[in-house]
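Next comes start25.cif, a file with mmCIF, C-alpha atoms.
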```cif
data_model
loop_
_atom_site.label_atom_id
_atom_site.label_comp_id
_atom_site.auth_asym_id
_atom_site.auth_seq_id
_atom_site.Cartn_x
_atom_site.Cartn_y
_atom_site.Cartn_z
CA MET A 1 70.19 148.01 50.98
CA LYS A 2 72.80 148.40 53.71
CA PHE A 3 73.77 151.72 52.23
CA ILE A 4 70.19 152.99 52.46
CA LEU A 5 69.84 151.84 56.08
CA ASN A 6 73.09 153.55 56.98
CA TYR A 7 71.93 156.70 55.28
CA ILE A 8 68.68 156.71 57.24
CA ARG A 9 70.71 156.52 60.46
CA LYS A 10 72.71 159.62 59.53
CA GLU A 11 71.84 162.66 61.63
CA THR A 12 71.87 165.23 58.85
CA TRP A 13 71.09 164.31 55.29
CA SER A 14 72.19 166.20 52.27
CA PRO A 15 69.57 168.96 51.95
CA TYR A 16 69.08 167.90 48.33
CA VAL A 17 68.03 164.36 49.31
CA ALA A 18 65.70 165.61 52.05
CA GLY A 19 64.35 168.20 49.62
CA VAL A 20 63.49 165.52 47.08
CA LEU A 21 61.64 163.61 49.82
CA LEU A 22 59.64 166.71 50.75
CA GLY A 23 58.92 167.40 47.08
CA LEU A 24 57.52 163.89 46.68
CA VAL A 25 55.39 164.33 49.80
CA GLY A 26 54.07 167.59 48.34
CA ILE A 27 53.12 165.85 45.08
CA LEU A 28 51.42 163.00 46.97
CA ALA A 29 49.43 165.47 49.09
CA VAL A 30 47.88 166.97 45.97
CA TRP A 31 47.51 163.62 44.20
CA LEU A 32 45.99 161.57 47.01
CA SER A 33 43.96 164.14 48.88
CA ASN A 34 43.85 167.29 46.71
CA ASN A 35 45.26 169.25 49.63
CA LEU A 36 48.36 171.29 50.26
CA LEU A 37 50.92 170.76 52.99
CA GLY A 38 51.00 173.36 55.72
CA ALA A 39 52.03 173.78 59.31
CA SER A 40 50.56 177.04 60.57
CA GLY A 41 46.95 176.47 59.52
CA GLY A 42 46.48 173.54 61.88
CA PHE A 43 47.45 175.65 64.89
CA GLU A 44 44.89 178.27 63.89
CA ASN A 45 42.16 175.63 63.58
CA LEU A 46 43.04 174.37 67.05
CA ALA A 47 43.22 177.89 68.49
CA GLY A 48 39.83 178.64 66.99
CA MET A 49 38.39 175.51 68.57
CA ILE A 50 39.72 176.39 72.02
CA GLY A 51 38.73 180.03 71.57
CA GLN A 52 35.14 179.24 70.63
CA ALA A 53 34.80 177.01 73.65
CA VAL A 54 36.26 179.58 76.06
CA ALA A 55 35.16 182.93 74.60
CA PRO A 56 32.63 182.40 71.79
CA ALA A 57 31.92 186.13 71.35
CA ALA A 58 35.55 187.09 70.76
CA PHE A 59 36.03 184.34 68.18
CA ASP A 60 32.79 185.01 66.29
CA ASN A 61 34.44 186.97 63.49
CA VAL A 62 35.05 186.68 59.75
CA TYR A 63 38.49 185.17 60.19
CA PHE A 64 37.49 182.24 62.38
CA ASN A 65 34.10 181.74 60.72
CA PHE A 66 35.17 181.65 57.09
CA ILE A 67 38.93 181.83 56.51
CA MET A 68 40.13 179.46 59.24
CA PRO A 69 37.14 177.43 60.45
CA PRO A 70 37.93 175.70 63.76
CA GLY A 71 37.94 171.95 64.05
CA ILE A 72 40.10 168.88 63.57
CA THR A 73 41.05 169.61 59.99
CA TYR A 74 43.50 168.10 57.53
CA GLY A 75 46.12 170.52 58.82
CA VAL A 76 45.72 169.40 62.43
CA ILE A 77 46.19 165.74 61.53
CA LEU A 78 49.18 166.70 59.42
CA LEU A 79 50.67 168.37 62.50
CA ILE A 80 50.23 165.20 64.55
CA GLY A 81 51.98 163.26 61.81
CA MET A 82 54.79 165.82 61.67
CA PHE A 83 55.34 165.54 65.41
CA PHE A 84 55.83 161.80 65.19
CA GLY A 85 57.76 162.03 61.92
CA GLY A 86 60.23 164.40 63.52
CA MET A 87 60.58 162.06 66.48
CA ILE A 88 61.16 159.07 64.23
CA GLY A 89 63.77 161.07 62.34
CA ALA A 90 65.57 161.89 65.58
CA ALA A 91 65.23 158.35 66.90
CA THR A 92 66.78 156.82 63.78
CA SER A 93 69.84 159.03 64.20
CA LYS A 94 69.87 158.49 68.00
CA THR A 95 69.56 162.22 68.67
CA LEU A 96 66.17 162.00 70.37
CA LYS A 97 66.55 163.94 73.62
CA TRP A 98 63.26 163.05 75.29
CA GLY A 99 63.75 163.64 79.03
CA LYS A 100 67.48 164.31 78.76
CA LYS A 101 69.09 167.12 80.75
CA ASP A 102 69.75 169.64 78.00
CA ALA A 103 66.66 168.79 75.95
CA ALA A 104 64.93 172.10 76.63
CA ASN A 105 67.82 174.22 75.41
CA SER A 106 70.27 172.14 73.43
CA ASP A 107 71.38 174.28 70.54
CA PRO A 108 75.03 175.36 70.96
CA LEU A 109 74.66 178.47 68.82
CA TRP A 110 71.62 179.58 70.81
CA LYS A 111 73.53 179.19 74.10
CA ARG A 112 76.46 181.20 72.81
CA THR A 113 74.18 183.98 71.59
CA PHE A 114 71.54 184.28 74.29
CA GLY A 115 72.89 182.34 77.26
CA PRO A 116 72.27 178.87 78.68
CA GLN A 117 69.08 179.69 80.65
CA VAL A 118 66.17 177.47 79.73
CA TRP A 119 63.49 180.08 80.57
CA LYS A 120 65.04 182.51 78.09
CA ARG A 121 64.78 179.92 75.34
CA TRP A 122 61.15 179.22 76.15
CA VAL A 123 60.12 182.86 76.49
CA LEU A 124 61.77 183.83 73.23
CA ALA A 125 60.33 180.78 71.49
CA PHE A 126 56.87 181.73 72.76
CA VAL A 127 57.16 185.37 71.66
CA GLY A 128 58.68 184.37 68.33
CA ALA A 129 55.95 181.83 67.74
CA ILE A 130 53.27 184.49 68.30
CA ILE A 131 55.01 186.69 65.71
CA LEU A 132 55.25 183.74 63.30
CA GLU A 133 51.65 182.65 63.64
CA TYR A 134 50.34 186.20 63.36
CA ALA A 135 52.41 186.82 60.23
CA ALA A 136 51.30 183.51 58.74
CA GLY A 137 47.72 184.62 59.33
CA ILE A 138 48.29 187.87 57.45
CA ALA A 139 50.17 186.30 54.56
CA GLY A 140 47.93 183.25 54.22
CA GLY A 141 50.49 180.60 55.10
CA CYS A 142 53.92 179.87 56.51
CA THR A 143 57.15 178.53 55.07
CA SER A 144 55.57 175.20 54.21
CA GLY A 145 51.97 176.23 53.58
CA LEU A 146 52.67 179.24 51.41
CA ALA A 147 56.33 179.31 50.34
CA ILE A 148 56.67 175.63 49.39
CA SER A 149 53.07 174.56 48.72
CA GLY A 150 52.22 177.80 46.94
CA GLY A 151 55.54 177.88 45.14
CA MET A 152 55.01 174.42 43.66
CA LEU A 153 51.78 175.70 42.10
CA LEU A 154 53.73 178.76 40.92
CA ALA A 155 51.58 181.11 43.00
CA PRO A 156 52.97 184.68 42.95
CA ALA A 157 51.97 185.00 46.62
CA ALA A 158 54.61 182.42 47.56
CA PHE A 159 57.48 184.30 45.97
CA LEU A 160 56.40 187.62 47.49
CA PHE A 161 56.33 185.89 50.86
CA ILE A 162 59.80 184.34 50.40
CA ALA A 163 61.21 187.76 49.44
CA GLY A 164 59.71 189.40 52.52
CA MET A 165 60.78 186.56 54.79
CA PHE A 166 64.42 186.68 53.75
CA ALA A 167 64.63 190.47 53.75
CA SER A 168 63.46 190.82 57.34
CA GLY A 169 65.17 187.61 58.48
CA ILE A 170 68.54 188.92 57.33
CA VAL A 171 67.94 192.28 59.04
CA THR A 172 66.87 190.57 62.29
CA ALA A 173 69.93 188.30 62.22
CA LEU A 174 72.10 191.39 61.64
CA ILE A 175 70.61 193.07 64.72
CA ILE A 176 70.96 189.97 66.90
CA TYR A 177 74.53 189.13 65.91
CA ARG A 178 75.89 192.62 65.11
CA ARG A 179 79.68 192.21 65.10
CA ARG A 180 79.59 188.43 65.01
CA TYR A 181 77.47 188.45 61.84
CA MET B 1 38.65 158.76 57.56
CA GLY B 2 40.64 157.95 54.45
CA THR B 3 41.82 161.52 54.08
CA SER B 4 42.84 161.63 57.74
CA LEU B 5 45.02 158.55 57.33
CA ILE B 6 46.64 160.08 54.26
CA ALA B 7 47.27 163.30 56.18
CA LEU B 8 48.84 161.39 59.04
CA PHE B 9 51.03 159.36 56.67
CA LEU B 10 52.16 162.44 54.75
CA GLY B 11 52.74 164.33 57.99
CA VAL B 12 55.11 161.64 59.24
CA PHE B 13 57.23 161.89 56.09
CA PHE B 14 57.06 165.68 56.18
CA GLY B 15 58.36 165.77 59.75
CA PHE B 16 60.97 163.15 58.93
CA ALA B 17 62.30 165.14 55.98
CA LEU B 18 62.43 168.36 58.04
CA ASN B 19 64.28 166.59 60.83
CA LYS B 20 66.82 164.95 58.52
CA ALA B 21 67.48 168.21 56.69
CA GLY B 22 68.26 169.74 60.09
CA LEU B 23 65.49 172.31 59.85
CA THR B 24 64.39 171.50 63.37
CA LYS B 25 67.57 173.11 64.67
CA TYR B 26 67.93 176.77 65.54
CA HIS B 27 71.43 177.19 64.11
CA LYS B 28 70.40 175.86 60.68
CA ILE B 29 67.58 178.37 60.36
CA VAL B 30 69.45 181.42 61.61
CA ASN B 31 72.64 180.63 59.69
CA VAL B 32 70.83 180.91 56.39
CA PHE B 33 70.18 184.54 57.30
CA ARG B 34 73.87 184.96 58.16
CA PHE B 35 74.92 183.33 54.88
CA THR B 36 77.05 180.72 56.66
CA ASP B 37 74.91 177.63 56.02
CA MET B 38 72.64 177.46 53.01
CA ALA B 39 70.97 174.13 53.87
CA VAL B 40 67.52 175.69 54.34
CA LEU B 41 67.60 177.32 50.94
CA LYS B 42 68.94 174.18 49.24
CA PHE B 43 66.24 172.09 50.92
CA MET B 44 63.41 174.47 50.06
CA MET B 45 64.45 174.99 46.46
CA THR B 46 65.00 171.25 45.82
CA ALA B 47 61.55 170.51 47.23
CA LEU B 48 60.07 173.27 45.08
CA VAL B 49 61.72 172.10 41.86
CA VAL B 50 60.80 168.44 42.42
CA SER B 51 57.20 169.09 43.37
CA MET B 52 56.47 171.79 40.80
CA SER B 53 57.78 169.69 37.93
CA GLY B 54 56.02 166.60 39.24
CA LEU B 55 52.72 168.39 39.67
CA TYR B 56 52.77 170.03 36.27
CA ILE B 57 53.66 166.70 34.59
CA LEU B 58 50.81 164.95 36.42
CA ARG B 59 48.41 167.71 35.49
CA GLY B 60 49.61 167.47 31.91
CA PHE B 61 48.58 163.81 31.90
CA GLY B 62 45.24 164.79 33.41
CA LEU B 63 45.81 162.77 36.58
CA ILE B 64 45.31 165.59 39.04
CA THR B 65 43.56 168.92 39.34
CA PHE B 66 45.19 171.70 41.32
CA PRO B 67 43.69 172.63 44.69
CA ASN B 68 42.99 176.28 45.43
CA VAL B 69 46.11 178.26 44.64
CA PRO B 70 46.97 180.58 47.58
CA ALA B 71 45.49 183.98 46.88
CA THR B 72 47.75 186.83 45.87
CA TYR B 73 47.31 190.10 47.70
CA ILE B 74 50.59 191.89 47.36
CA VAL B 75 50.58 193.95 50.58
CA GLY B 76 49.37 191.07 52.72
CA ASN B 77 51.87 188.55 51.39
CA LEU B 78 54.78 190.98 51.63
CA VAL B 79 53.94 192.37 55.08
CA GLY B 80 53.22 188.87 56.35
CA GLY B 81 56.57 187.72 55.00
CA LEU B 82 58.37 190.65 56.58
CA ILE B 83 56.91 189.95 60.04
CA PHE B 84 57.44 186.22 59.58
CA GLY B 85 61.16 186.68 58.96
CA VAL B 86 61.58 188.40 62.34
CA GLY B 87 59.99 185.48 64.17
CA MET B 88 61.95 182.97 62.12
CA ALA B 89 65.32 184.54 62.93
CA LEU B 90 64.37 184.80 66.61
CA THR B 91 63.12 181.27 67.24
CA GLY B 92 64.54 179.12 64.51
CA TYR B 93 61.22 177.74 63.40
#
```

Structure encoded using structure tokens:
Amino acid sequence: MKFILNYIRKETWSPYVAGVLLGLVGILAVWLSNNLLGASGGFENLAGMIGQAVAPAAFDNVYFNFIMPPGITYGVILLIGMFFGGMIGAATSKTLKWGKKDAANSDPLWKRTFGPQVWKRWVLAFVGAIILEYAAGIAGGCTSGLAISGGMLLAPAAFLFIAGMFASGIVTALIIYRRRY
Amino acid sequence: MGTSLIALFLGVFFGFALNKAGLTKYHKIVNVFRFTDMAVLKFMMTALVVSMSGLYILRGFGLITFPNVPATYIVGNLVGGLIFGVGMALTGY
């Protein structure tokens, strides 16, 4: 029992242990609610909701009417859970940086690569997130919604997506890091 | 209401697993593309193996039916993946 508690307090688990936990969550999602896990879909539901309230004409299209209907869906609630789950994870390992000085830009590798400025981190995160969400819209899911959830149902789409993701991710990392790669 | 509670419960464990695997950190995500830290790949593949075997066993016993399998459209999946990788290496999502 003590061993388990100590393990929970560890900051970084073995990826195999955490992977087993995620695998079990994926099974439970299908078993209990006949749904798949996903992270990007919820944001699109929320964006659709805001968009239809602000500019109904612009959001009255096939995508938001049929593929990603706006509203508080399963995915949105999953996102809320993920937010608190991540916080609990950080709190148990005492790495929760809520309100601390370097909370907005704390990653050492990021600082070495791009500089310590907080605005840079936020701007790049914002631009990158637009790219991510747009790509997830094209592909029909993100790392969790398509690659993992689709992969566990042996969907060919998932493996195509993983191949594309790693190919361009490696190239992008090569461009960013050049000689330090 | 029941489904919402299940979603919330699963979401908490999902977020917890991602945090403990270190996938909430930029250096973990980008280092997998630099081949210096394979944690992301280990995490993803373990999750895949566990859940795919579990799901197929459960379906074999007739306990579950599969939800809609994500649709395959080769160009869309590939192009989406290619754009996604750029964002992933930039932000560390």

Taking the file above as input, evaluate the PyMOL selection byres ((chain B and resi 65) around 10) and report the hits as a PyMOL selection string.
(chain A and resi 30-31+34) or (chain B and resi 55-56+58-60+62-64+66-68)

For Lys25 of chain B, list every protein, DNA or RNA residue within 12 Å, evaluated using only C-alpha atoms, and leave out those in the same chain fewer than 3 positions away; present the list as a list in words.
Glu11, Thr12, Gly86, Ala90, Thr95, Asn105, Ser106, Asp107, Pro108, Leu109 and Trp110 of chain A; Leu18, Asn19, Lys20, Ala21, Gly22, Lys28, Ile29, Val30, Asn31, Val32, Ala39, Val40, Met88, Ala89, Thr91, Gly92 and Tyr93 of chain B

Carefully work through the PyMOL selection byres ((chain A and resi 70-78) around 10) for this structure and note down the residues it includes, as JSON, numbers by chain.
{"A": [33, 35, 36, 37, 38, 39, 40, 41, 42, 43, 44, 45, 46, 47, 48, 49, 50, 51, 52, 59, 64, 65, 66, 67, 68, 69, 79, 80, 81, 82, 83, 145], "B": [3, 4, 5, 6, 7, 8, 9, 10, 11, 12, 13, 14, 15]}

Figure out the distance between atom CA of Leu82 of chain B and atom CA of Leu41 of chain B, please, to one decimal in Å.
17.2 Å

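Atom to atom, atom CA of Tyr26 of chain B and atom CA of Met152 of chain A stand 25.5 Å apart.
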
Expected selection from the PyMOL selection byres ((chain A and resi 134) around 12), given as an MDAnalysis selection string
(chainID A and resid 40:41 43:44 127:133 135:142) or (chainID B and resid 76 79:87)

From the list A:Phe166, A:Leu154, A:Ser93, A:Phe114, which residue is nearest Asn6 of chain A when using all atoms listed in the file?
A:Ser93

Quick one: distance from atom CA of Asn77 of chain B to atom CA of Ala157 of chain A in Å, one decimal?
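These atoms are spaced 5.9 Å apart.
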
Where is the centre and how long are the edges: axis-aligned box on segment 50-58 of chain A, 8 Å on each side, Å to one decimal, as AutoDock Vina command-line options:
```
--center_x 35.8 --center_y 181.7 --center_z 73.3 --size_x 23.8 --size_y 26.7 --size_z 21.4
```

Between A:Gly85, A:Pro15, A:Pro56, A:Pro156, single out the one closest to Tyr73 of chain B, counting all atoms listed in the file.
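Distance minimum relative to Tyr73 of chain B lands on A:Pro156.
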
When distances are computed from all atoms listed in the file, which of B:Phe33, B:Thr72, B:Phe43, B:Leu48 shows the smallest separation from Ser168 of chain A?
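Nearest candidate to Ser168 of chain A out of B:Phe33, B:Thr72, B:Phe43, B:Leu48: B:Phe33.
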
Select, from B:Phe16, B:Ile57, B:Val75, B:Thr36, the residue with the minimum atom-to-atom distance to chain A, counting all atoms listed in the file.
B:Phe16

Looking at all atoms listed in the file, which of A:Ile148, A:Ala91, A:Ile175, A:Val123 is the one that sits closest to chain B?
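Result for the nearest residue to chain B: A:Ile148.
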